[in-house]
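Structure first, then comments.
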Amino acid sequence: MSEIVYILGIVLQAAAGIMALMQVRSAPHRLPWFLIAISSLLIVFRRSATLGEFIQAERELAPAEVITLIVSLLFFLGVLLMARMFRDISVAQEALKENEQHFRLLADNAPDGIFIQVNYRFAYLNKACLRHFGAQSEEDLLGQSVIDRFHPDIQHIVRERIRLLNEDRQPVALMEQKHIRLDGEPINAEVSAAPFQFKGEKGALVFVRNIEKRKKLELALTESEKKFRTFADFTADWEYWQGPDGRFIYVTPSCEGISGYAPDMFMQDPKLMLRIIHPEDRATMTCLDSQQNRPVEGVHVGTDLRIITRAQEIRWIAHRCHAVSSSDGKFLGRRGSNRDITEHKLREDEIRKINQQLQQANSEKDMLFSIIGHDLRSPMSGILASTTMLVNDHDTLSRKDSQALFNALRDSAVNIMALLEDLLQWARMNQGGIEYEPSPCSLHALFEQSLAMAQNVANRRQITLHMEIAPHLSVVVDKPMIKTVIRNILLNAIKFTHQGGAIHITARLEDQKAIVAVQDNGIGMDKHVLASIFSLEKKNKRQGTDGEKGTGLGLILCRQFIDQHGGRIWVESEPDKGTTVFFTLPIAEKH
């Protein structure tokens, strides 16, 4: 009977072990452990008919029974440990399988290529990576050499990177590489990788991003930039682009030809642009910049400005600028253009001066015709009246009346002659018909020659002429011109001085120039008349103390002749206090 129990215990233990192994995938169940316990008891007490008999016998266990009990317990513990180990292995395998499924799900749907290399060969490729290399399925590349899919020029670099991944277990940085598709076509990519263990073997997880489109865009952008730079670098205009922070992004080389400053000087010093603007135009430039702080794409602003070049020259530029914005409206800075218009401005100024001269010439021409029509008509009328009386009434005229008529004829002829001489001199001067030939001569001698002619006129009016000029004072002048100046000034002084008056002539040296003064004590002038004495305006022309009429050309000729000598002429006068005419002449070197 005990042998049967013993065999039954062994069978129950085996069944319990099988049931335990079958249940490692689930939580432990009480039944197999209960069966193992019963079977162990049956083996221990196989020689007893019942448990009660064994208790009642109160005997000690035999050595064989003790050994059997220990073996049964060890067997029980071994089965328990194996069951737990198998269960843990099964759970880990399930988790690994699940993780692998998740990895494949993520990798296969990733936009970038992913592959795993083990021993320099492909062990896994996702769908994007298959498309990248031109493969239809994983079988086209699995097990093949990774090195073969890289351009020959970089294969030695790739081999070293894989060694670092496989052996040194070091990640490698992102790198642009050229791959070779299965059809032999090269393709550009960015590659990064990290050490990775795949199915128990050391390898690497590699990420591949196809950058072929980006490379084509970069190439197109480079070609476009090359064309732009070729155009910009050879343009005569000074072009530039300032970023939103005011720093220069690009400056054309032509800036140096215009401003004297090289492009890198503007790149290093953004404020240089404003500093070279002429101080009077700097506010205008600042205003233009402020208008561009908030971008309005397509709106151009600009004006003409002056700059001070590196050589301290003033040049004119036509400045134009406008805002640059991205497609989403982000302010990217300002584009500016500066064109050198110095020559254009100089021509404008020259044309403006010529127009002013033409307007003045037309005005003077009209005034001249008015002078001729008025001043020439009056003496001619006097001549006509006097000669008519002499012809018609010569038998009845007394000697005194005849003499008066002859005197009137002479005065009219003198006035006409003076008018004609002034007109001829003025015309010759304005047409360049008078040659300027200066030479050293005595200023005292020039005045003596002119005083001889003016003395007769002064004597008839009992006006005294006083000259105080040092005989040794030598000047460098054109004698005919200065004689005309002296004659006109003296005759004017006599004309506006009362009978019995006096005229004083003096000269002094100052700053290597002779300052000549002709002073009378005549009727003088108020400020309105004084302001127009060098003009042809008729409204302020005055008659002399004996009713003499002037042409108004005398002082204009004097100013032109003095200007020709590099001198200056001016008048000081007060009503009823006389007039003083000053003019300067260059002196000879010995002075």
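So you can find residues: chains in the structure tokens are A, B, ... in the order shown, residues in each start at 1, and ligands are numbered from 1 in order.
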
* Considering only C-alpha atoms, return as a PyMOL selection string whatever protein or nucleic-acid residues lie within 7 Å of stretch 129-131 of chain A, sequence-local ones (same chain, fewer than 5 positions apart) excluded. => chain A and resi 113-115+136-137

Report as a PDB file with all heavy atoms, in the first residue's frame all protein, DNA and RNA residues lying within 12 Å of stretch 386-397 of chain A, evaluated on only C-alpha atoms, omitting residues in the same chain fewer than 3 positions from it.
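What follows is the written file part-v6.pdb:
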```pdb
ATOM      1  N   PRO A 379      19.571 165.164 -74.735  1.00  0.00           N
ATOM      2  CA  PRO A 379      20.585 166.052 -75.328  1.00  0.00           C
ATOM      3  C   PRO A 379      20.388 166.250 -76.823  1.00  0.00           C
ATOM      4  O   PRO A 379      20.681 167.321 -77.357  1.00  0.00           O
ATOM      5  CB  PRO A 379      21.905 165.327 -75.015  1.00  0.00           C
ATOM      6  CG  PRO A 379      21.545 163.923 -74.700  1.00  0.00           C
ATOM      7  CD  PRO A 379      20.186 163.960 -74.122  1.00  0.00           C
ATOM      8  N   MET A 380      19.883 165.223 -77.500  1.00  0.00           N
ATOM      9  CA  MET A 380      19.630 165.382 -78.938  1.00  0.00           C
ATOM     10  C   MET A 380      18.526 166.414 -79.176  1.00  0.00           C
ATOM     11  O   MET A 380      18.586 167.200 -80.148  1.00  0.00           O
ATOM     12  CB  MET A 380      19.236 164.032 -79.552  1.00  0.00           C
ATOM     13  CG  MET A 380      20.406 163.052 -79.683  1.00  0.00           C
ATOM     14  SD  MET A 380      21.718 163.692 -80.766  1.00  0.00           S
ATOM     15  CE  MET A 380      20.856 163.777 -82.326  1.00  0.00           C
ATOM     16  N   SER A 381      17.544 166.418 -78.298  1.00  0.00           N
ATOM     17  CA  SER A 381      16.478 167.436 -78.413  1.00  0.00           C
ATOM     18  C   SER A 381      17.041 168.832 -78.210  1.00  0.00           C
ATOM     19  O   SER A 381      16.670 169.794 -78.899  1.00  0.00           O
ATOM     20  CB  SER A 381      15.375 167.165 -77.381  1.00  0.00           C
ATOM     21  OG  SER A 381      14.765 165.927 -77.625  1.00  0.00           O
ATOM     22  N   GLY A 382      17.973 168.941 -77.232  1.00  0.00           N
ATOM     23  CA  GLY A 382      18.612 170.238 -77.001  1.00  0.00           C
ATOM     24  C   GLY A 382      19.416 170.675 -78.216  1.00  0.00           C
ATOM     25  O   GLY A 382      19.412 171.868 -78.594  1.00  0.00           O
ATOM     26  N   ILE A 383      20.149 169.758 -78.816  1.00  0.00           N
ATOM     27  CA  ILE A 383      20.929 170.091 -80.019  1.00  0.00           C
ATOM     28  C   ILE A 383      20.003 170.520 -81.146  1.00  0.00           C
ATOM     29  O   ILE A 383      20.256 171.509 -81.854  1.00  0.00           O
ATOM     30  CB  ILE A 383      21.772 168.872 -80.448  1.00  0.00           C
ATOM     31  CG1 ILE A 383      22.886 168.614 -79.430  1.00  0.00           C
ATOM     32  CG2 ILE A 383      22.364 169.077 -81.838  1.00  0.00           C
ATOM     33  CD1 ILE A 383      23.698 167.384 -79.708  1.00  0.00           C
ATOM     34  N   LYS A 400      25.288 187.548 -77.236  1.00  0.00           N
ATOM     35  CA  LYS A 400      25.165 186.834 -75.973  1.00  0.00           C
ATOM     36  C   LYS A 400      24.251 185.615 -76.116  1.00  0.00           C
ATOM     37  O   LYS A 400      24.555 184.529 -75.609  1.00  0.00           O
ATOM     38  CB  LYS A 400      24.619 187.793 -74.918  1.00  0.00           C
ATOM     39  CG  LYS A 400      24.513 187.171 -73.527  1.00  0.00           C
ATOM     40  CD  LYS A 400      24.017 188.186 -72.517  1.00  0.00           C
ATOM     41  CE  LYS A 400      23.891 187.571 -71.139  1.00  0.00           C
ATOM     42  NZ  LYS A 400      23.388 188.551 -70.146  1.00  0.00           N
ATOM     43  N   ASP A 401      23.140 185.802 -76.852  1.00  0.00           N
ATOM     44  CA  ASP A 401      22.211 184.687 -77.048  1.00  0.00           C
ATOM     45  C   ASP A 401      22.852 183.595 -77.897  1.00  0.00           C
ATOM     46  O   ASP A 401      22.674 182.390 -77.637  1.00  0.00           O
ATOM     47  CB  ASP A 401      20.921 185.178 -77.712  1.00  0.00           C
ATOM     48  CG  ASP A 401      20.100 186.072 -76.781  1.00  0.00           C
ATOM     49  OD1 ASP A 401      20.284 185.915 -75.534  1.00  0.00           O
ATOM     50  OD2 ASP A 401      19.293 186.868 -77.263  1.00  0.00           O
ATOM     51  N   SER A 402      23.577 184.038 -78.899  1.00  0.00           N
ATOM     52  CA  SER A 402      24.258 183.050 -79.751  1.00  0.00           C
ATOM     53  C   SER A 402      25.280 182.243 -78.946  1.00  0.00           C
ATOM     54  O   SER A 402      25.411 181.020 -79.105  1.00  0.00           O
ATOM     55  CB  SER A 402      24.935 183.755 -80.927  1.00  0.00           C
ATOM     56  OG  SER A 402      23.985 184.387 -81.747  1.00  0.00           O
ATOM     57  N   GLN A 403      25.991 182.938 -78.066  1.00  0.00           N
ATOM     58  CA  GLN A 403      26.977 182.237 -77.239  1.00  0.00           C
ATOM     59  C   GLN A 403      26.302 181.231 -76.307  1.00  0.00           C
ATOM     60  O   GLN A 403      26.798 180.124 -76.094  1.00  0.00           O
ATOM     61  CB  GLN A 403      27.772 183.244 -76.416  1.00  0.00           C
ATOM     62  CG  GLN A 403      28.946 182.626 -75.636  1.00  0.00           C
ATOM     63  CD  GLN A 403      29.987 181.988 -76.546  1.00  0.00           C
ATOM     64  OE1 GLN A 403      30.333 182.580 -77.591  1.00  0.00           O
ATOM     65  NE2 GLN A 403      30.468 180.793 -76.168  1.00  0.00           N
ATOM     66  N   ALA A 404      25.156 181.590 -75.784  1.00  0.00           N
ATOM     67  CA  ALA A 404      24.418 180.689 -74.903  1.00  0.00           C
ATOM     68  C   ALA A 404      23.978 179.435 -75.654  1.00  0.00           C
ATOM     69  O   ALA A 404      24.033 178.317 -75.134  1.00  0.00           O
ATOM     70  CB  ALA A 404      23.219 181.407 -74.302  1.00  0.00           C
ATOM     71  N   LEU A 405      23.524 179.664 -76.930  1.00  0.00           N
ATOM     72  CA  LEU A 405      23.123 178.513 -77.734  1.00  0.00           C
ATOM     73  C   LEU A 405      24.316 177.604 -78.039  1.00  0.00           C
ATOM     74  O   LEU A 405      24.219 176.370 -78.005  1.00  0.00           O
ATOM     75  CB  LEU A 405      22.454 178.967 -79.023  1.00  0.00           C
ATOM     76  CG  LEU A 405      21.059 179.598 -78.881  1.00  0.00           C
ATOM     77  CD1 LEU A 405      20.574 180.153 -80.222  1.00  0.00           C
ATOM     78  CD2 LEU A 405      20.067 178.570 -78.356  1.00  0.00           C
ATOM     79  N   PHE A 406      25.464 178.244 -78.350  1.00  0.00           N
ATOM     80  CA  PHE A 406      26.670 177.446 -78.617  1.00  0.00           C
ATOM     81  C   PHE A 406      27.102 176.653 -77.365  1.00  0.00           C
ATOM     82  O   PHE A 406      27.540 175.498 -77.461  1.00  0.00           O
ATOM     83  CB  PHE A 406      27.809 178.351 -79.086  1.00  0.00           C
ATOM     84  CG  PHE A 406      27.619 178.840 -80.500  1.00  0.00           C
ATOM     85  CD1 PHE A 406      27.748 180.191 -80.801  1.00  0.00           C
ATOM     86  CD2 PHE A 406      27.320 177.947 -81.528  1.00  0.00           C
ATOM     87  CE1 PHE A 406      27.576 180.641 -82.100  1.00  0.00           C
ATOM     88  CE2 PHE A 406      27.155 178.411 -82.827  1.00  0.00           C
ATOM     89  CZ  PHE A 406      27.289 179.762 -83.127  1.00  0.00           C
ATOM     90  N   ASN A 407      26.992 177.296 -76.217  1.00  0.00           N
ATOM     91  CA  ASN A 407      27.332 176.586 -74.976  1.00  0.00           C
ATOM     92  C   ASN A 407      26.396 175.392 -74.733  1.00  0.00           C
ATOM     93  O   ASN A 407      26.825 174.301 -74.282  1.00  0.00           O
ATOM     94  CB  ASN A 407      27.258 177.532 -73.785  1.00  0.00           C
ATOM     95  CG  ASN A 407      28.394 178.554 -73.795  1.00  0.00           C
ATOM     96  OD1 ASN A 407      29.447 178.336 -74.407  1.00  0.00           O
ATOM     97  ND2 ASN A 407      28.185 179.678 -73.121  1.00  0.00           N
ATOM     98  N   ALA A 408      25.112 175.608 -75.030  1.00  0.00           N
ATOM     99  CA  ALA A 408      24.140 174.527 -74.867  1.00  0.00           C
ATOM    100  C   ALA A 408      24.443 173.376 -75.821  1.00  0.00           C
ATOM    101  O   ALA A 408      24.343 172.189 -75.463  1.00  0.00           O
ATOM    102  CB  ALA A 408      22.725 175.039 -75.082  1.00  0.00           C
ATOM    103  N   LEU A 409      24.814 173.761 -77.085  1.00  0.00           N
ATOM    104  CA  LEU A 409      25.185 172.718 -78.055  1.00  0.00           C
ATOM    105  C   LEU A 409      26.387 171.915 -77.570  1.00  0.00           C
ATOM    106  O   LEU A 409      26.432 170.690 -77.673  1.00  0.00           O
ATOM    107  CB  LEU A 409      25.486 173.349 -79.414  1.00  0.00           C
ATOM    108  CG  LEU A 409      24.276 173.799 -80.251  1.00  0.00           C
ATOM    109  CD1 LEU A 409      24.738 174.590 -81.463  1.00  0.00           C
ATOM    110  CD2 LEU A 409      23.490 172.572 -80.696  1.00  0.00           C
ATOM    111  N   ARG A 410      27.369 172.638 -77.020  1.00  0.00           N
ATOM    112  CA  ARG A 410      28.566 171.957 -76.538  1.00  0.00           C
ATOM    113  C   ARG A 410      28.244 171.025 -75.378  1.00  0.00           C
ATOM    114  O   ARG A 410      28.703 169.883 -75.336  1.00  0.00           O
ATOM    115  CB  ARG A 410      29.592 172.990 -76.095  1.00  0.00           C
ATOM    116  CG  ARG A 410      30.940 172.364 -75.666  1.00  0.00           C
ATOM    117  CD  ARG A 410      31.721 173.326 -74.809  1.00  0.00           C
ATOM    118  NE  ARG A 410      30.962 173.657 -73.607  1.00  0.00           N
ATOM    119  CZ  ARG A 410      31.197 174.720 -72.838  1.00  0.00           C
ATOM    120  NH1 ARG A 410      32.167 175.572 -73.152  1.00  0.00           N
ATOM    121  NH2 ARG A 410      30.464 174.970 -71.763  1.00  0.00           N
ATOM    122  N   ASP A 411      27.428 171.515 -74.417  1.00  0.00           N
ATOM    123  CA  ASP A 411      27.077 170.665 -73.268  1.00  0.00           C
ATOM    124  C   ASP A 411      26.316 169.418 -73.708  1.00  0.00           C
ATOM    125  O   ASP A 411      26.545 168.307 -73.202  1.00  0.00           O
ATOM    126  CB  ASP A 411      26.244 171.459 -72.269  1.00  0.00           C
ATOM    127  CG  ASP A 411      27.064 172.544 -71.573  1.00  0.00           C
ATOM    128  OD1 ASP A 411      28.311 172.439 -71.581  1.00  0.00           O
ATOM    129  OD2 ASP A 411      26.445 173.463 -71.007  1.00  0.00           O
ATOM    130  N   SER A 412      25.396 169.583 -74.677  1.00  0.00           N
ATOM    131  CA  SER A 412      24.648 168.429 -75.180  1.00  0.00           C
ATOM    132  C   SER A 412      25.582 167.439 -75.870  1.00  0.00           C
ATOM    133  O   SER A 412      25.463 166.212 -75.708  1.00  0.00           O
ATOM    134  CB  SER A 412      23.561 168.878 -76.158  1.00  0.00           C
ATOM    135  OG  SER A 412      22.597 169.675 -75.493  1.00  0.00           O
ATOM    136  N   ALA A 413      26.548 167.986 -76.641  1.00  0.00           N
ATOM    137  CA  ALA A 413      27.510 167.116 -77.326  1.00  0.00           C
ATOM    138  C   ALA A 413      28.387 166.380 -76.333  1.00  0.00           C
ATOM    139  O   ALA A 413      28.707 165.184 -76.492  1.00  0.00           O
ATOM    140  CB  ALA A 413      28.358 167.944 -78.289  1.00  0.00           C
TER     141      ALA A 413
END
```

* For A:Leu182, please output as a list in words all residues within 7 Å (counting only C-alpha atoms; exclusion window: fewer than 4 positions along the same chain). => Phe133, Gly134 and Ala135 of chain A

Output for the residues just chosen: all heavy atoms as a JSON list (two decimals), in the first residue's frame:
```
[["chain", "number", "residue", "atom", "x", "y", "z"],
["A", 133, "PHE", "N", 17.11, 55.15, -50.58],
["A", 133, "PHE", "CA", 18.11, 54.38, -51.33],
["A", 133, "PHE", "C", 17.56, 53.76, -52.61],
["A", 133, "PHE", "O", 18.29, 53.07, -53.33],
["A", 133, "PHE", "CB", 18.70, 53.27, -50.44],
["A", 133, "PHE", "CG", 19.63, 53.78, -49.37],
["A", 133, "PHE", "CD1", 19.28, 53.69, -48.04],
["A", 133, "PHE", "CD2", 20.84, 54.35, -49.70],
["A", 133, "PHE", "CE1", 20.13, 54.15, -47.04],
["A", 133, "PHE", "CE2", 21.71, 54.82, -48.72],
["A", 133, "PHE", "CZ", 21.35, 54.72, -47.38],
["A", 134, "GLY", "N", 16.28, 53.99, -52.91],
["A", 134, "GLY", "CA", 15.69, 53.47, -54.14],
["A", 134, "GLY", "C", 15.40, 51.99, -54.10],
["A", 134, "GLY", "O", 15.41, 51.32, -55.14],
["A", 135, "ALA", "N", 15.12, 51.43, -52.90],
["A", 135, "ALA", "CA", 14.82, 50.00, -52.75],
["A", 135, "ALA", "C", 13.32, 49.78, -52.71],
["A", 135, "ALA", "O", 12.55, 50.63, -52.25],
["A", 135, "ALA", "CB", 15.46, 49.47, -51.47]]
```

* Asked: Which neighbours of stretch 254-265 of chain A fall inside 7 Å, counting only C-alpha atoms, when residues of the same chain fewer than 5 positions from it are skipped, and could you give them as a list in words?
  -> Thr235, Ala236, Asp237, Trp238, Thr309, Arg310, Ala311 and Asp340 of chain A

* Asked: Residues of stretch 206-342 of chain A in strand (DSSP E or B) according to DSSP, as a ChimeraX atom specification?
  -> /A:206-210,238-242,248-251,277,300-308,314-325,331-340

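You can rank A:His472, A:His528, A:Ala458, A:Leu384 by their closest distance to A:Gly500 using only C-alpha atoms, and at the top of that list sits A:Ala458.
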
* To do: Can you work out the spacing between atom CA of A:Val118 and atom CA of A:Glu201 in Å, to one decimal?
  => 7.0 Å

* To do: Tell me which protein, DNA and RNA residues are within 8 Å of stretch 329-335 of chain A, counting only C-alpha atoms, leaving out same-chain ones fewer than 4 positions away, and put them as a list in words.
  => Glu239, Tyr240, Trp241, Gln242, Gly243, Pro244, Asp245, Gly246, Gln292, Arg294, Pro295, Cys321, His322, Ala323, Val324 and Ser325 of chain A

What are the nearest atom pairs, with distances in Å to one decimal, for all residues of stretch 475-512 of chain A that come at most 7 Å from stretch 464-470 of chain A, using only C-alpha atoms, set out by chain and rising residue number as a Markdown table?
```
| residue | atom | partner | partner_atom | distance |
| --- | --- | --- | --- | --- |
| A:Gly501 | CA | A:Thr464 | CA | 6.6 |
| A:Ala502 | CA | A:Thr464 | CA | 4.8 |
| A:Ile503 | CA | A:Leu465 | CA | 5.0 |
| A:His504 | CA | A:His466 | CA | 4.7 |
| A:Ile505 | CA | A:Met467 | CA | 4.5 |
| A:Thr506 | CA | A:Glu468 | CA | 4.9 |
| A:Ala507 | CA | A:Ile469 | CA | 5.5 |
```

Let me see the file: selected residues, N, CA and C atoms, as a JSON list (two decimals), in the first residue's frame.
```
[["chain", "number", "residue", "atom", "x", "y", "z"],
["A", 501, "GLY", "N", 32.78, 173.93, -53.55],
["A", 501, "GLY", "CA", 33.06, 172.77, -52.72],
["A", 501, "GLY", "C", 34.48, 172.26, -52.92],
["A", 502, "ALA", "N", 34.77, 171.09, -52.28],
["A", 502, "ALA", "CA", 36.12, 170.55, -52.35],
["A", 502, "ALA", "C", 36.05, 169.03, -52.44],
["A", 503, "ILE", "N", 37.05, 168.49, -53.12],
["A", 503, "ILE", "CA", 37.17, 167.04, -53.28],
["A", 503, "ILE", "C", 38.57, 166.64, -52.85],
["A", 504, "HIS", "N", 38.67, 165.60, -51.94],
["A", 504, "HIS", "CA", 39.95, 165.14, -51.42],
["A", 504, "HIS", "C", 40.22, 163.71, -51.90],
["A", 505, "ILE", "N", 41.46, 163.50, -52.38],
["A", 505, "ILE", "CA", 41.86, 162.18, -52.89],
["A", 505, "ILE", "C", 43.03, 161.69, -52.05],
["A", 506, "THR", "N", 42.87, 160.48, -51.45],
["A", 506, "THR", "CA", 43.92, 159.93, -50.59],
["A", 506, "THR", "C", 44.12, 158.45, -50.92],
["A", 507, "ALA", "N", 45.25, 157.92, -50.45],
["A", 507, "ALA", "CA", 45.54, 156.48, -50.62],
["A", 507, "ALA", "C", 46.41, 156.02, -49.46]]
```

* **Who sits within 8 Å of A:Met267, only C-alpha atoms, same chain under 2 positions skipped, as an MDAnalysis selection string** => chainID A and resid 247:251 263:265 269:270

* Would you mind writing down, as a PyMOL selection string, each residue of stretch 96-169 of chain A that DSSP on the backbone assigns to alpha helix (DSSP H)? => chain A and resi 96-108+127-133+155-166

Expected file: the selected residues, C-alpha atoms, as a PDB file, in the first residue's frame:
```pdb
ATOM      1  CA  LEU A  96      10.400  43.080 -26.087  1.00  0.00           C
ATOM      2  CA  LYS A  97       8.101  41.949 -28.841  1.00  0.00           C
ATOM      3  CA  GLU A  98       5.666  44.724 -27.985  1.00  0.00           C
ATOM      4  CA  ASN A  99       8.487  47.326 -27.910  1.00  0.00           C
ATOM      5  CA  GLU A 100       9.765  46.078 -31.239  1.00  0.00           C
ATOM      6  CA  GLN A 101       6.289  46.451 -32.681  1.00  0.00           C
ATOM      7  CA  HIS A 102       6.086  49.984 -31.321  1.00  0.00           C
ATOM      8  CA  PHE A 103       9.550  50.800 -32.706  1.00  0.00           C
ATOM      9  CA  ARG A 104       8.653  49.471 -36.141  1.00  0.00           C
ATOM     10  CA  LEU A 105       5.356  51.333 -36.090  1.00  0.00           C
ATOM     11  CA  LEU A 106       7.091  54.622 -35.252  1.00  0.00           C
ATOM     12  CA  ALA A 107      10.102  54.044 -37.512  1.00  0.00           C
ATOM     13  CA  ASP A 108       8.081  52.913 -40.530  1.00  0.00           C
ATOM     14  CA  LYS A 127      10.101  52.825 -45.384  1.00  0.00           C
ATOM     15  CA  ALA A 128      11.568  56.353 -45.770  1.00  0.00           C
ATOM     16  CA  CYS A 129      15.063  54.870 -45.837  1.00  0.00           C
ATOM     17  CA  LEU A 130      14.067  52.338 -48.483  1.00  0.00           C
ATOM     18  CA  ARG A 131      12.718  55.180 -50.647  1.00  0.00           C
ATOM     19  CA  HIS A 132      15.891  57.170 -49.992  1.00  0.00           C
ATOM     20  CA  PHE A 133      18.114  54.378 -51.326  1.00  0.00           C
ATOM     21  CA  GLN A 155      33.740  55.961 -47.568  1.00  0.00           C
ATOM     22  CA  HIS A 156      36.887  56.211 -45.430  1.00  0.00           C
ATOM     23  CA  ILE A 157      35.143  58.797 -43.211  1.00  0.00           C
ATOM     24  CA  VAL A 158      32.024  56.627 -42.904  1.00  0.00           C
ATOM     25  CA  ARG A 159      34.098  53.553 -42.009  1.00  0.00           C
ATOM     26  CA  GLU A 160      35.745  55.463 -39.150  1.00  0.00           C
ATOM     27  CA  ARG A 161      32.372  56.736 -37.923  1.00  0.00           C
ATOM     28  CA  ILE A 162      30.974  53.182 -37.853  1.00  0.00           C
ATOM     29  CA  ARG A 163      34.031  51.985 -35.935  1.00  0.00           C
ATOM     30  CA  LEU A 164      33.432  54.636 -33.296  1.00  0.00           C
ATOM     31  CA  LEU A 165      29.813  53.503 -33.026  1.00  0.00           C
ATOM     32  CA  ASN A 166      30.460  49.750 -32.959  1.00  0.00           C
TER      33      ASN A 166
END
```
